[in-house]
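The next block is my_file_9.pdb, given as PDB, C-alpha atoms and all ligand atoms.
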```pdb
ATOM      1  CA  MET A  13       0.000   0.000   0.000
ATOM      2  CA  PRO A  14       1.588   3.333  -1.021
ATOM      3  CA  ALA A  15       2.294   5.959   1.644
ATOM      4  CA  PRO A  16      -0.165   8.909   1.602
ATOM      5  CA  PRO A  17       1.875  11.248  -0.669
ATOM      6  CA  GLU A  18       2.567   8.417  -3.107
ATOM      7  CA  LEU A  19      -1.024   7.289  -2.874
ATOM      8  CA  THR A  20      -2.138  10.706  -4.048
ATOM      9  CA  ASP A  21       0.257  10.523  -7.006
ATOM     10  CA  PHE A  22      -0.922   7.010  -7.695
ATOM     11  CA  ARG A  23      -4.564   8.041  -7.841
ATOM     12  CA  THR A  24      -3.898  11.210  -9.814
ATOM     13  CA  ALA A  25      -1.812   9.417 -12.433
ATOM     14  CA  LEU A  26      -4.400   6.719 -13.071
ATOM     15  CA  LEU A  27      -7.409   9.032 -13.116
ATOM     16  CA  ALA A  28      -5.608  11.354 -15.538
ATOM     17  CA  TRP A  29      -4.938   8.419 -17.870
ATOM     18  CA  ALA A  30      -8.397   6.928 -17.595
ATOM     19  CA  PRO A  31     -10.584   8.827 -20.099
ATOM     20  CA  SER A  32      -7.979   8.757 -22.864
ATOM     21  CA  GLY A  33      -6.646   5.284 -22.121
ATOM     22  CA  TRP A  34      -9.654   3.078 -21.698
ATOM     23  CA  ARG A  35     -11.680   1.339 -24.344
ATOM     24  CA  GLU A  36     -15.040   2.473 -25.609
ATOM     25  CA  LEU A  37     -17.458  -0.244 -24.519
ATOM     26  CA  PRO A  38     -21.272  -0.031 -24.816
ATOM     27  CA  TRP A  39     -22.031  -0.950 -21.195
ATOM     28  CA  ARG A  40     -19.961   2.008 -20.034
ATOM     29  CA  ARG A  41     -22.661   4.338 -21.319
ATOM     30  CA  THR A  42     -25.175   3.204 -18.753
ATOM     31  CA  ARG A  43     -25.478   2.855 -14.985
ATOM     32  CA  ASP A  44     -28.523   0.632 -15.100
ATOM     33  CA  PRO A  45     -27.878  -2.223 -12.619
ATOM     34  CA  TRP A  46     -29.484  -4.915 -14.786
ATOM     35  CA  THR A  47     -27.458  -3.864 -17.818
ATOM     36  CA  VAL A  48     -24.270  -3.821 -15.772
ATOM     37  CA  LEU A  49     -25.024  -7.233 -14.290
ATOM     38  CA  VAL A  50     -25.574  -8.815 -17.717
ATOM     39  CA  SER A  51     -22.325  -7.348 -19.056
ATOM     40  CA  GLU A  52     -20.331  -8.477 -16.041
ATOM     41  CA  LEU A  53     -21.647 -12.028 -16.210
ATOM     42  CA  MET A  54     -20.949 -12.205 -19.939
ATOM     43  CA  LEU A  55     -17.421 -10.864 -19.490
ATOM     44  CA  GLN A  56     -16.478 -13.618 -17.081
ATOM     45  CA  GLN A  57     -14.194 -15.990 -19.019
ATOM     46  CA  THR A  58     -15.198 -14.534 -22.392
ATOM     47  CA  GLN A  59     -13.276 -11.957 -24.403
ATOM     48  CA  VAL A  60     -14.687  -8.469 -24.850
ATOM     49  CA  GLY A  61     -14.847  -8.755 -28.654
ATOM     50  CA  ARG A  62     -17.165 -11.739 -28.453
ATOM     51  CA  VAL A  63     -19.284 -10.227 -25.699
ATOM     52  CA  VAL A  64     -20.212  -6.902 -27.357
ATOM     53  CA  PRO A  65     -22.600  -8.216 -30.081
ATOM     54  CA  ARG A  66     -24.111 -10.797 -27.735
ATOM     55  CA  TRP A  67     -24.669  -8.227 -25.036
ATOM     56  CA  GLU A  68     -26.351  -5.837 -27.491
ATOM     57  CA  ALA A  69     -28.671  -8.572 -28.783
ATOM     58  CA  PHE A  70     -29.464  -9.733 -25.241
ATOM     59  CA  MET A  71     -30.286  -6.243 -24.013
ATOM     60  CA  ALA A  72     -32.460  -5.553 -27.051
ATOM     61  CA  ARG A  73     -34.480  -8.639 -26.253
ATOM     62  CA  TRP A  74     -34.607  -8.448 -22.450
ATOM     63  CA  PRO A  75     -33.916  -4.843 -21.435
ATOM     64  CA  THR A  76     -35.295  -5.274 -17.921
ATOM     65  CA  VAL A  77     -35.126  -7.780 -15.091
ATOM     66  CA  ALA A  78     -38.875  -8.430 -15.373
ATOM     67  CA  ALA A  79     -38.626  -9.194 -19.099
ATOM     68  CA  CYS A  80     -35.870 -11.737 -18.530
ATOM     69  CA  ALA A  81     -37.650 -13.298 -15.551
ATOM     70  CA  ALA A  82     -40.767 -13.835 -17.687
ATOM     71  CA  ALA A  83     -38.842 -15.563 -20.473
ATOM     72  CA  PRO A  84     -38.377 -19.339 -20.574
ATOM     73  CA  GLN A  85     -34.964 -20.406 -19.322
ATOM     74  CA  SER A  86     -34.309 -22.283 -22.554
ATOM     75  CA  GLU A  87     -34.651 -19.042 -24.515
ATOM     76  CA  VAL A  88     -32.140 -17.270 -22.300
ATOM     77  CA  VAL A  89     -29.683 -20.142 -22.661
ATOM     78  CA  ARG A  90     -30.175 -20.147 -26.431
ATOM     79  CA  ALA A  91     -29.430 -16.415 -26.588
ATOM     80  CA  TRP A  92     -26.260 -17.126 -24.625
ATOM     81  CA  SER A  93     -24.947 -19.623 -27.174
ATOM     82  CA  GLY A  94     -21.534 -18.689 -28.487
ATOM     83  CA  LEU A  95     -20.371 -17.262 -25.172
ATOM     84  CA  GLY A  96     -19.807 -20.640 -23.536
ATOM     85  CA  TYR A  97     -20.289 -21.600 -19.908
ATOM     86  CA  ASN A  98     -24.085 -21.751 -20.226
ATOM     87  CA  ARG A  99     -24.340 -22.165 -16.475
ATOM     88  CA  ARG A 100     -23.989 -18.367 -16.358
ATOM     89  CA  ALA A 101     -27.161 -17.970 -18.420
ATOM     90  CA  ILE A 102     -29.065 -20.304 -16.126
ATOM     91  CA  ASN A 103     -27.836 -18.368 -13.088
ATOM     92  CA  LEU A 104     -28.696 -15.053 -14.709
ATOM     93  CA  HIS A 105     -32.240 -16.237 -15.353
ATOM     94  CA  ARG A 106     -32.591 -17.520 -11.783
ATOM     95  CA  CYS A 107     -31.206 -14.208 -10.551
ATOM     96  CA  ALA A 108     -33.749 -12.280 -12.657
ATOM     97  CA  ILE A 109     -36.611 -14.315 -11.170
ATOM     98  CA  ALA A 110     -35.306 -13.683  -7.635
ATOM     99  CA  VAL A 111     -34.930  -9.949  -8.246
ATOM    100  CA  ALA A 112     -38.348  -9.683  -9.916
ATOM    101  CA  ALA A 113     -39.838 -11.270  -6.807
ATOM    102  CA  ARG A 114     -38.380  -8.557  -4.561
ATOM    103  CA  PRO A 115     -40.832  -5.865  -3.408
ATOM    104  CA  ASP A 116     -39.101  -3.176  -5.480
ATOM    105  CA  GLY A 117     -38.241  -5.519  -8.355
ATOM    106  CA  ALA A 118     -34.729  -4.075  -8.518
ATOM    107  CA  LEU A 119     -31.219  -5.224  -7.793
ATOM    108  CA  PRO A 120     -30.147  -4.391  -4.224
ATOM    109  CA  ALA A 121     -27.351  -1.917  -3.562
ATOM    110  CA  GLU A 122     -25.713  -3.838  -0.687
ATOM    111  CA  LEU A 123     -22.851  -6.281  -1.029
ATOM    112  CA  GLY A 124     -24.407  -8.994   1.149
ATOM    113  CA  ALA A 125     -27.812  -8.799  -0.543
ATOM    114  CA  LEU A 126     -26.235  -8.975  -3.992
ATOM    115  CA  MET A 127     -24.111 -11.979  -3.056
ATOM    116  CA  ALA A 128     -27.203 -13.772  -1.771
ATOM    117  CA  LEU A 129     -28.646 -13.787  -5.318
ATOM    118  CA  PRO A 130     -28.069 -16.816  -7.563
ATOM    119  CA  GLY A 131     -24.891 -16.640  -9.659
ATOM    120  CA  ILE A 132     -23.488 -13.478  -8.038
ATOM    121  CA  GLY A 133     -20.111 -13.859  -6.374
ATOM    122  CA  PRO A 134     -17.825 -11.304  -4.703
ATOM    123  CA  TYR A 135     -16.434  -9.979  -7.983
ATOM    124  CA  THR A 136     -19.820  -9.523  -9.688
ATOM    125  CA  ALA A 137     -21.370  -7.989  -6.574
ATOM    126  CA  ARG A 138     -18.571  -5.415  -6.296
ATOM    127  CA  ALA A 139     -18.731  -4.708 -10.026
ATOM    128  CA  VAL A 140     -22.468  -3.961  -9.776
ATOM    129  CA  LEU A 141     -21.861  -1.747  -6.738
ATOM    130  CA  ALA A 142     -19.086   0.221  -8.470
ATOM    131  CA  PHE A 143     -20.440   0.419 -12.030
ATOM    132  CA  ALA A 144     -24.158   0.737 -11.329
ATOM    133  CA  PHE A 145     -24.290   2.437  -7.923
ATOM    134  CA  GLY A 146     -20.950   4.302  -8.035
ATOM    135  CA  ARG A 147     -19.741   2.847  -4.741
ATOM    136  CA  ASP A 148     -16.088   3.183  -3.765
ATOM    137  CA  VAL A 149     -15.215  -0.506  -3.656
ATOM    138  CA  GLY A 150     -12.301  -2.246  -5.317
ATOM    139  CA  VAL A 151     -13.326  -4.563  -8.163
ATOM    140  CA  LEU A 152     -10.769  -7.346  -8.423
ATOM    141  CA  ASP A 153     -10.714  -9.635 -11.410
ATOM    142  CA  THR A 154      -7.477 -11.220 -12.648
ATOM    143  CA  ASN A 155      -6.372  -8.081 -14.518
ATOM    144  CA  ALA A 156      -7.184  -5.688 -11.685
ATOM    145  CA  ALA A 157      -5.508  -7.971  -9.153
ATOM    146  CA  ARG A 158      -2.323  -7.886 -11.232
ATOM    147  CA  VAL A 159      -2.320  -4.079 -11.373
ATOM    148  CA  ILE A 160      -2.983  -3.613  -7.658
ATOM    149  CA  THR A 161      -0.441  -6.273  -6.717
ATOM    150  CA  ARG A 162       2.296  -4.710  -8.800
ATOM    151  CA  ALA A 163       1.576  -1.021  -8.571
ATOM    152  CA  ALA A 164       0.266  -0.668  -5.001
ATOM    153  CA  VAL A 165       1.830  -3.589  -3.111
ATOM    154  CA  GLY A 166       4.912  -4.561  -5.095
ATOM    155  CA  ARG A 167       4.834  -8.237  -4.142
ATOM    156  CA  PRO A 168       2.319 -11.085  -4.082
ATOM    157  CA  VAL A 169      -0.088 -11.044  -1.142
ATOM    158  CA  ALA A 170      -3.053 -13.140  -0.081
ATOM    159  CA  ARG A 171      -6.327 -12.442  -1.822
ATOM    160  CA  ALA A 172      -8.086 -11.074   1.260
ATOM    161  CA  ALA A 173      -5.232  -8.640   1.916
ATOM    162  CA  LEU A 174      -5.222  -7.592  -1.728
ATOM    163  CA  GLN A 175      -8.963  -6.928  -1.612
ATOM    164  CA  ARG A 176      -8.417  -4.665   1.414
ATOM    165  CA  VAL A 177      -5.735  -2.708  -0.457
ATOM    166  CA  ALA A 178      -7.950  -2.510  -3.556
ATOM    167  CA  ASP A 179     -10.781  -1.078  -1.444
ATOM    168  CA  GLU A 180      -8.488   1.441   0.263
ATOM    169  CA  VAL A 181      -6.845   2.867  -2.853
ATOM    170  CA  VAL A 182     -10.162   3.811  -4.497
ATOM    171  CA  PRO A 183     -10.368   7.636  -4.464
ATOM    172  CA  VAL A 184     -13.432   8.788  -2.589
ATOM    173  CA  GLY A 185     -16.307   9.512  -4.963
ATOM    174  CA  HIS A 186     -14.530   8.017  -7.991
ATOM    175  CA  GLY A 187     -15.352   4.345  -7.678
ATOM    176  CA  TRP A 188     -16.791   4.070 -11.178
ATOM    177  CA  GLU A 189     -13.938   5.607 -13.196
ATOM    178  CA  TRP A 190     -11.239   4.260 -10.901
ATOM    179  CA  ASN A 191     -12.302   0.652 -11.333
ATOM    180  CA  GLN A 192     -12.842   1.049 -15.069
ATOM    181  CA  ALA A 193      -9.306   2.436 -15.322
ATOM    182  CA  VAL A 194      -7.742  -0.335 -13.227
ATOM    183  CA  LEU A 195      -9.497  -3.038 -15.244
ATOM    184  CA  ASP A 196      -8.462  -1.486 -18.539
ATOM    185  CA  LEU A 197      -4.879  -0.915 -17.466
ATOM    186  CA  GLY A 198      -4.615  -4.568 -16.505
ATOM    187  CA  ALA A 199      -6.108  -5.683 -19.816
ATOM    188  CA  THR A 200      -4.028  -3.456 -22.089
ATOM    189  CA  VAL A 201      -0.823  -2.184 -20.408
ATOM    190  CA  CYS A 202      -0.071  -4.067 -17.214
ATOM    191  CA  ALA A 203      -0.654  -7.420 -18.830
ATOM    192  CA  ALA A 204       1.149 -10.612 -17.904
ATOM    193  CA  ARG A 205       4.080  -9.145 -19.796
ATOM    194  CA  PRO A 206       3.816  -5.490 -18.785
ATOM    195  CA  ALA A 207       4.495  -2.509 -21.049
ATOM    196  CA  CYS A 208       5.925  -0.392 -18.237
ATOM    197  CA  ALA A 209       7.344   2.242 -20.605
ATOM    198  CA  ALA A 210       3.785   3.149 -21.663
ATOM    199  CA  CYS A 211       2.236   2.903 -18.223
ATOM    200  CA  PRO A 212       0.790   5.964 -16.463
ATOM    201  CA  LEU A 213       1.824   4.423 -13.129
ATOM    202  CA  ALA A 214       5.455   3.862 -14.093
ATOM    203  CA  ALA A 215       6.696   6.633 -11.775
ATOM    204  CA  VAL A 216       4.817   5.357  -8.736
ATOM    205  CA  CYS A 217       4.690   1.605  -9.325
ATOM    206  CA  ALA A 218       6.074  -0.308  -6.332
ATOM    207  CA  TRP A 219       6.958  -3.377  -8.378
ATOM    208  CA  ARG A 220       8.856  -1.356 -10.993
ATOM    209  CA  ARG A 221      10.774   0.532  -8.329
ATOM    210  CA  SER A 222      11.835  -2.717  -6.742
ATOM    211  CA  GLY A 223      13.355  -3.810 -10.062
ATOM    212  CA  GLY A 224      10.533  -6.076 -11.189
ATOM    213  CA  GLY A 225      10.081  -4.277 -14.504
ATOM    214  CA  ALA A 226      13.782  -4.537 -15.359
ATOM    215  CA  ARG A 227      13.829  -8.244 -14.505
ATOM    216  CA  GLU A 228      10.795  -8.808 -16.702
ATOM    217  CA  ALA A 229      12.316  -6.846 -19.598
ATOM    218  CA  GLY A 230      15.481  -8.952 -19.475
ATOM    219  CA  ARG A 231      13.582 -12.187 -19.682
ATOM    220  CA  SER A 232      13.154 -14.018 -22.955
ATOM    221  CA  PRO A 233       9.574 -14.200 -24.211
ATOM    222  CA  PRO A 234       7.662 -16.994 -22.609
ATOM    223  CA  SER A 235       7.600 -20.006 -24.902
ATOM    224  CA  ARG A 236       4.891 -22.531 -25.078
ATOM    225  CA  PRO A 237       5.926 -25.195 -22.620
ATOM    226  CA  HIS A 238       6.708 -28.517 -24.225
ATOM    227  CA  ARG A 239       4.916 -31.051 -22.146
ATOM    228  CA  ARG A 240       4.637 -34.727 -22.477
ATOM    229  CA  ARG A 241       1.120 -35.990 -22.767
ATOM    230  CA  GLY A 242      -0.050 -36.712 -19.263
ATOM    231  CA  ALA A 243       2.853 -34.802 -17.731
ATOM    232  CA  GLY A 244       1.772 -32.987 -14.643
ATOM    233  CA  LEU A 245      -0.589 -35.708 -13.625
ATOM    234  CA  ARG A 246       0.555 -37.016 -10.314
ATOM    235  CA  LEU A 247      -0.656 -40.533  -9.879
ATOM    236  CA  PRO A 248      -1.030 -42.025  -6.437
ATOM    237  CA  ARG A 249       2.107 -43.788  -5.270
ATOM    238  CA  ARG A 250       0.488 -47.236  -5.347
ATOM    239  CA  ARG A 251      -0.698 -46.681  -8.910
ATOM    240  CA  ARG A 252       2.749 -45.510 -10.046
ATOM    241  CA  THR A 253       4.375 -48.584  -8.517
ATOM    242  CA  ARG A 254       1.827 -50.878 -10.085
ATOM    243  CA  ASP A 255       2.292 -49.304 -13.525
ATOM    244  CA  ALA A 256       6.070 -49.511 -13.247
ATOM    245  CA  ASP A 257       5.832 -53.187 -12.298
ATOM    246  CA  ARG A 258       3.564 -53.852 -15.231
ATOM    247  CA  ARG A 259       5.978 -52.197 -17.652
ATOM    248  CA  ARG A 260       8.890 -54.146 -16.178
ATOM    249  CA  ARG A 261       7.036 -57.441 -16.561
ATOM    250  CA  GLY A 262       6.124 -56.533 -20.145
ATOM    251  CA  ARG A 263       9.754 -55.882 -21.025
ATOM    252  CA  ARG A 264      10.808 -59.139 -19.425
ATOM    253  CA  ARG A 265       8.242 -61.151 -21.370
ATOM    254  CA  LEU A 266       9.330 -59.487 -24.581
ATOM    255  CA  ARG A 267      12.918 -60.494 -23.924
ATOM    256  CA  HIS A 268      11.807 -64.034 -23.308
ATOM    257  CA  ARG A 269       9.848 -64.236 -26.528
ATOM    258  CA  THR A 270      12.418 -62.652 -28.776
ATOM    259  CA  GLY A 271      15.458 -64.087 -27.052
ATOM    260  CA  ARG A 272      17.058 -60.669 -27.277
ATOM    261  CA  GLY A 273      18.076 -58.173 -24.708
ATOM    262  CA  ALA A 274      19.572 -58.270 -21.270
ATOM    263  CA  GLY A 275      18.573 -61.310 -19.276
ATOM    264  CA  ALA A 276      17.322 -63.225 -22.333
ATOM    265  CA  GLU A 277      19.806 -66.036 -22.066
ATOM    266  CA  GLY A 278      17.096 -68.669 -22.164
ATOM    267  CA  ALA A 279      17.083 -71.323 -24.872
ATOM    268  CA  LEU A 280      14.180 -72.275 -27.065
ATOM    269  CA  VAL A 281      13.224 -75.829 -26.488
ATOM    270  CA  GLY A 282      10.578 -76.812 -28.973
ATOM    271  CA  ARG A 283       7.214 -75.883 -27.505
ATOM    272  CA  GLY A 284       8.934 -74.599 -24.418
ATOM    273  CA  HIS A 285      11.323 -71.840 -23.581
ATOM    274  CA  VAL A 286      13.738 -72.608 -20.809
ATOM    275  CA  HIS A 287      14.917 -69.585 -18.969
ATOM    276  CA  ARG A 288      17.738 -70.251 -16.614
ATOM    277  CA  SER A 289      17.592 -67.105 -14.614
ATOM    278  CA  HIS A 290      13.886 -67.402 -13.976
ATOM    279  CA  SER A 291      13.714 -71.139 -13.514
ATOM    280  CA  ARG A 292      10.601 -71.660 -15.528
ATOM    281  CA  ILE A 293       9.309 -73.186 -18.661
ATOM    282  CA  MET A 294       7.308 -71.050 -20.957
ATOM    283  CA  GLY A 295       5.318 -73.441 -23.100
ATOM    284  CA  SER A 296       2.880 -72.683 -25.888
ATOM    285  CA  THR A 297      -0.623 -73.981 -26.202
ATOM    286  CA  ARG A 298      -2.053 -74.815 -29.586
ATOM    287  CA  SER A 299      -3.839 -71.528 -29.704
ATOM    288  CA  GLY A 300      -0.472 -69.851 -29.400
ATOM    289  CA  ARG A 301      -0.959 -68.505 -25.891
ATOM    290  CA  SER A 302       2.054 -68.642 -23.642
ATOM    291  CA  THR A 303       1.920 -70.548 -20.438
ATOM    292  CA  TRP A 304       4.283 -70.465 -17.510
ATOM    293  CA  ARG A 305       5.146 -73.350 -15.345
ATOM    294  CA  LYS A 306       7.580 -73.954 -12.590
ATOM    295  CA  TRP A 307      10.808 -75.441 -13.800
ATOM    296  CA  PRO A 308      10.856 -79.082 -12.823
ATOM    297  CA  THR A 309      14.094 -80.768 -12.121
ATOM    298  CA  PRO A 310      15.578 -82.291 -15.317
ATOM    299  CA  GLY A 311      14.873 -85.795 -14.152
ATOM    300  CA  ARG A 312      11.186 -85.099 -13.758
ATOM    301  CA  ILE A 313      10.514 -83.619 -17.176
ATOM    302  CA  SER A 314       9.919 -86.977 -18.823
ATOM    303  CA  ALA A 315       7.681 -88.166 -16.058
ATOM    304  CA  ARG A 316       5.502 -85.116 -16.073
ATOM    305  CA  ASP A 317       5.540 -84.020 -19.668
ATOM    306  CA  PRO A 318       6.966 -86.588 -22.079
ATOM    307  CA  GLY A 319       5.817 -84.674 -25.122
ATOM    308  CA  LEU A 320       7.586 -81.581 -24.052
ATOM    309  CA  ARG A 321      10.698 -83.451 -23.176
ATOM    310  CA  ALA A 322      10.672 -85.278 -26.523
ATOM    311  CA  SER A 323      10.501 -82.046 -28.460
ATOM    312  CA  ALA A 324      12.705 -80.139 -26.125
ATOM    313  CA  ALA A 325      15.462 -82.600 -25.499
ATOM    314  CA  PRO A 326      17.240 -82.508 -28.865
ATOM    315  CA  ARG A 327      17.385 -78.737 -28.987
ATOM    316  CA  ALA A 328      17.641 -77.918 -25.349
ATOM    317  CA  VAL A 329      20.790 -76.391 -24.080
ATOM    318  CA  SER A 330      23.264 -79.165 -23.721
ATOM    319  CA  ALA A 331      23.565 -78.876 -20.003
ATOM    320  CA  PRO A 332      20.578 -77.070 -18.576
ATOM    321  CA  ARG A 333      21.607 -75.501 -15.383
ATOM    322  CA  GLN A 334      19.895 -76.181 -12.175
ATOM    323  CA  PRO A 335      17.319 -73.489 -11.519
ATOM    324  CA  SER A 336      18.481 -70.731  -9.286
ATOM    325  CA  SER A 337      16.943 -70.533  -5.890
ATOM    326  CA  SER A 338      15.320 -67.177  -6.487
ATOM    327  CA  PRO A 339      12.056 -67.403  -8.388
ATOM    328  CA  CYS A 340      10.876 -64.920 -10.926
ATOM    329  CA  ARG A 341       9.175 -61.956  -9.296
TER     330      ARG A 341
HETATM  331  S1  LIG B 401       4.732   0.228 -14.240
HETATM  332 FE1  LIG B 401       4.671  -1.770 -15.222
HETATM  333  S2  LIG B 401       4.276  -3.212 -13.558
HETATM  334 FE2  LIG B 401       3.794  -1.180 -12.774
HETATM  335  S3  LIG B 401       1.611  -0.961 -13.104
HETATM  336 FE3  LIG B 401       2.624  -0.098 -14.896
HETATM  337  S4  LIG B 401       2.768  -1.768 -16.390
HETATM  338 FE4  LIG B 401       2.281  -2.646 -14.392
END
```

Rewritten as structure tokens:
Amino acid sequence: MPAPPELTDFRTALLAWAPSGWRELPWRRTRDPWTVLVSELMLQQTQVGRVVPRWEAFMARWPTVAACAAAPQSEVVRAWSGLGYNRRAINLHRCAIAVAARPDGALPAELGALMALPGIGPYTARAVLAFAFGRDVGVLDTNAARVITRAAVGRPVARAALQRVADEVVPVGHGWEWNQAVLDLGATVCAARPACAACPLAAVCAWRRSGGGAREAGRSPPSRPHRRRGAGLRLPRRRRTRDADRRRRGRRRLRHRTGRGAGAEGALVGRGHVHRSHSRIMGSTRSGRSTWRKWPTPGRISARDPGLRASAAPRAVSAPRQPSSSPCR
């Protein structure tokens, strides 16, 4: 939070920039609470360019809360198509019904009452208070939070603390233009990669004075991170172990079948594959499926499986070793 003399400079610089710097947007020509609410809900997670025509069409069709409340929900959702996140349209319609049922049929001008309405969270409630009722509250979306964090605080702080700072830096009686200016500065100048040279707050910005701007300027442009598919997913430890075991077993079986690779010193013995290190016989059924059996002692092969021994004996390793004591795991 800037000290009082700096705070004055901070406010003066931004308010002087505001009228010339911000964008001309249709919902800035009105203070009607319903109109402001619709624009704010549409702007959440949707770019301004896509919102403008949709907002104009929506307001032409349902210019009042009562008109929207009387419309079928399906119609409101259909009019929302193209903006995405249709849950917002459903909430807006529910909100319109709730407001229409109020004695005055109008949106309330208190933070708590606004937040009690369907689909209205802290950001939207503050936006309605500032842009419709001209209240001196800080409106913090992602862009505004970035500006306040950098310019007024100079370092990352918890959201609740940032909201307090945002509320305190609003110049008394200028809540509307102040918040419009902060939002626009965050969207156009103090973006993720800030254009500090063109910023009206460059002289008073806490982050820039602490060297943040210079560090950012020296950085190479952010590249699209190259990520393996599935990278970033953190599987539970048991699942990771199980998958690793499965891959290890798969590699081992492949070595057995092909006779290649480390540990594949087994010898093919007709229908069976004798693997010394694993002490087993891998036989093949007629359908071609592999079967595993415990390695019997050489003297017992004929007794238990004469066919296998007959086919295996001529081609078996000349002196099959005794199986090791450690079984395959
Ligand atoms: S000087 Fe740079 S970091 Fe500070 S508010 Fe302006 S653009 Fe953002």

Using all atoms listed in the file, which of the listed residues (A:Leu95, A:Arg90, A:Ala101, A:Ala118) sits closest to A:Val77?
-> A:Ala118

Which distance in Å separates atom CA of A:Ala72 and atom CA of A:Gln85, to one decimal?
->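 Atom CA of A:Ala72 sits 16.9 Å away from atom CA of A:Gln85.
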
Could you list, as number ranges by chain, all the residues within 7 Å of ligand LIG 401 (chain B), counting all atoms listed in the file?
-> A: 159, 162-163, 201-202, 206-208, 211-214, 217-220, 225

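Between atom CA of A:Val64 and atom CA of A:Val50 there is a distance of 11.2 Å.
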
Can you pull out every residue within 10 Å of stretch 22-34 of chain A, counting all atoms listed in the file, but drop anything in the same chain fewer than 2 positions away, and send it as a compact mmCIF listing (two decimals) with C-alpha atoms, in the coordinates of the input?
```txt
# COMPACT_ATOMS: atom_id res chain seq x y z
CA PRO A 14 1.59 3.33 -1.02
CA ALA A 15 2.29 5.96 1.64
CA PRO A 16 -0.16 8.91 1.60
CA PRO A 17 1.88 11.25 -0.67
CA GLU A 18 2.57 8.42 -3.11
CA LEU A 19 -1.02 7.29 -2.87
CA THR A 20 -2.14 10.71 -4.05
CA GLU A 36 -15.04 2.47 -25.61
CA LEU A 37 -17.46 -0.24 -24.52
CA ALA A 163 1.58 -1.02 -8.57
CA ALA A 164 0.27 -0.67 -5.00
CA VAL A 181 -6.84 2.87 -2.85
CA VAL A 182 -10.16 3.81 -4.50
CA PRO A 183 -10.37 7.64 -4.46
CA HIS A 186 -14.53 8.02 -7.99
CA GLU A 189 -13.94 5.61 -13.20
CA TRP A 190 -11.24 4.26 -10.90
CA ASN A 191 -12.30 0.65 -11.33
CA GLN A 192 -12.84 1.05 -15.07
CA ALA A 193 -9.31 2.44 -15.32
CA VAL A 194 -7.74 -0.34 -13.23
CA LEU A 195 -9.50 -3.04 -15.24
CA ASP A 196 -8.46 -1.49 -18.54
CA LEU A 197 -4.88 -0.92 -17.47
CA ALA A 199 -6.11 -5.68 -19.82
CA THR A 200 -4.03 -3.46 -22.09
CA VAL A 201 -0.82 -2.18 -20.41
CA CYS A 211 2.24 2.90 -18.22
CA PRO A 212 0.79 5.96 -16.46
CA LEU A 213 1.82 4.42 -13.13
CA ALA A 214 5.46 3.86 -14.09
CA ALA A 215 6.70 6.63 -11.78
CA VAL A 216 4.82 5.36 -8.74
CA CYS A 217 4.69 1.60 -9.32
```

What lies within 9 Å of A:Arg147 using only C-alpha atoms, ignoring chain neighbours under 2 positions off, as JSON, numbers by chain?
-> {"A": [138, 140, 141, 142, 143, 144, 145, 149, 184, 185, 186, 187, 188]}

Straight-line distance linking atom CA of A:Glu87 with atom CA of A:Ala110, stated in Å to one decimal =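 For atom CA of A:Glu87 relative to atom CA of A:Ala110, the distance reads 17.7 Å.
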
Written as JSON, numbers by chain, which residues does the PyMOL selection byres (((chain A and resi 157) around 12) and not hetatm) give for the file shown?
-> {"A": [135, 150, 151, 152, 153, 154, 155, 156, 158, 159, 160, 161, 162, 163, 164, 165, 166, 167, 168, 169, 170, 171, 172, 173, 174, 175, 176, 177, 178, 179, 191, 194, 195, 196, 197, 198, 199, 202, 203, 204]}

Quick one: residues within 12 Å of A:Asn103, all atoms listed in the file counted, chain neighbours fewer than 2 positions away excluded, as a list in words?
-> Leu49, Val50, Leu53, Met54, Cys80, Ala81, Gln85, Val88, Val89, Trp92, Tyr97, Asn98, Arg99, Arg100, Ala101, His105, Arg106, Cys107, Ala108, Ile109, Ala110, Leu129, Pro130, Gly131, Ile132 and Gly133 of chain A

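Considering the residues A:Val48, A:Ala128, A:Leu104, A:Ala113 and counting all atoms listed in the file, A:Ala78 has its shortest atom-to-atom contact with A:Ala113.
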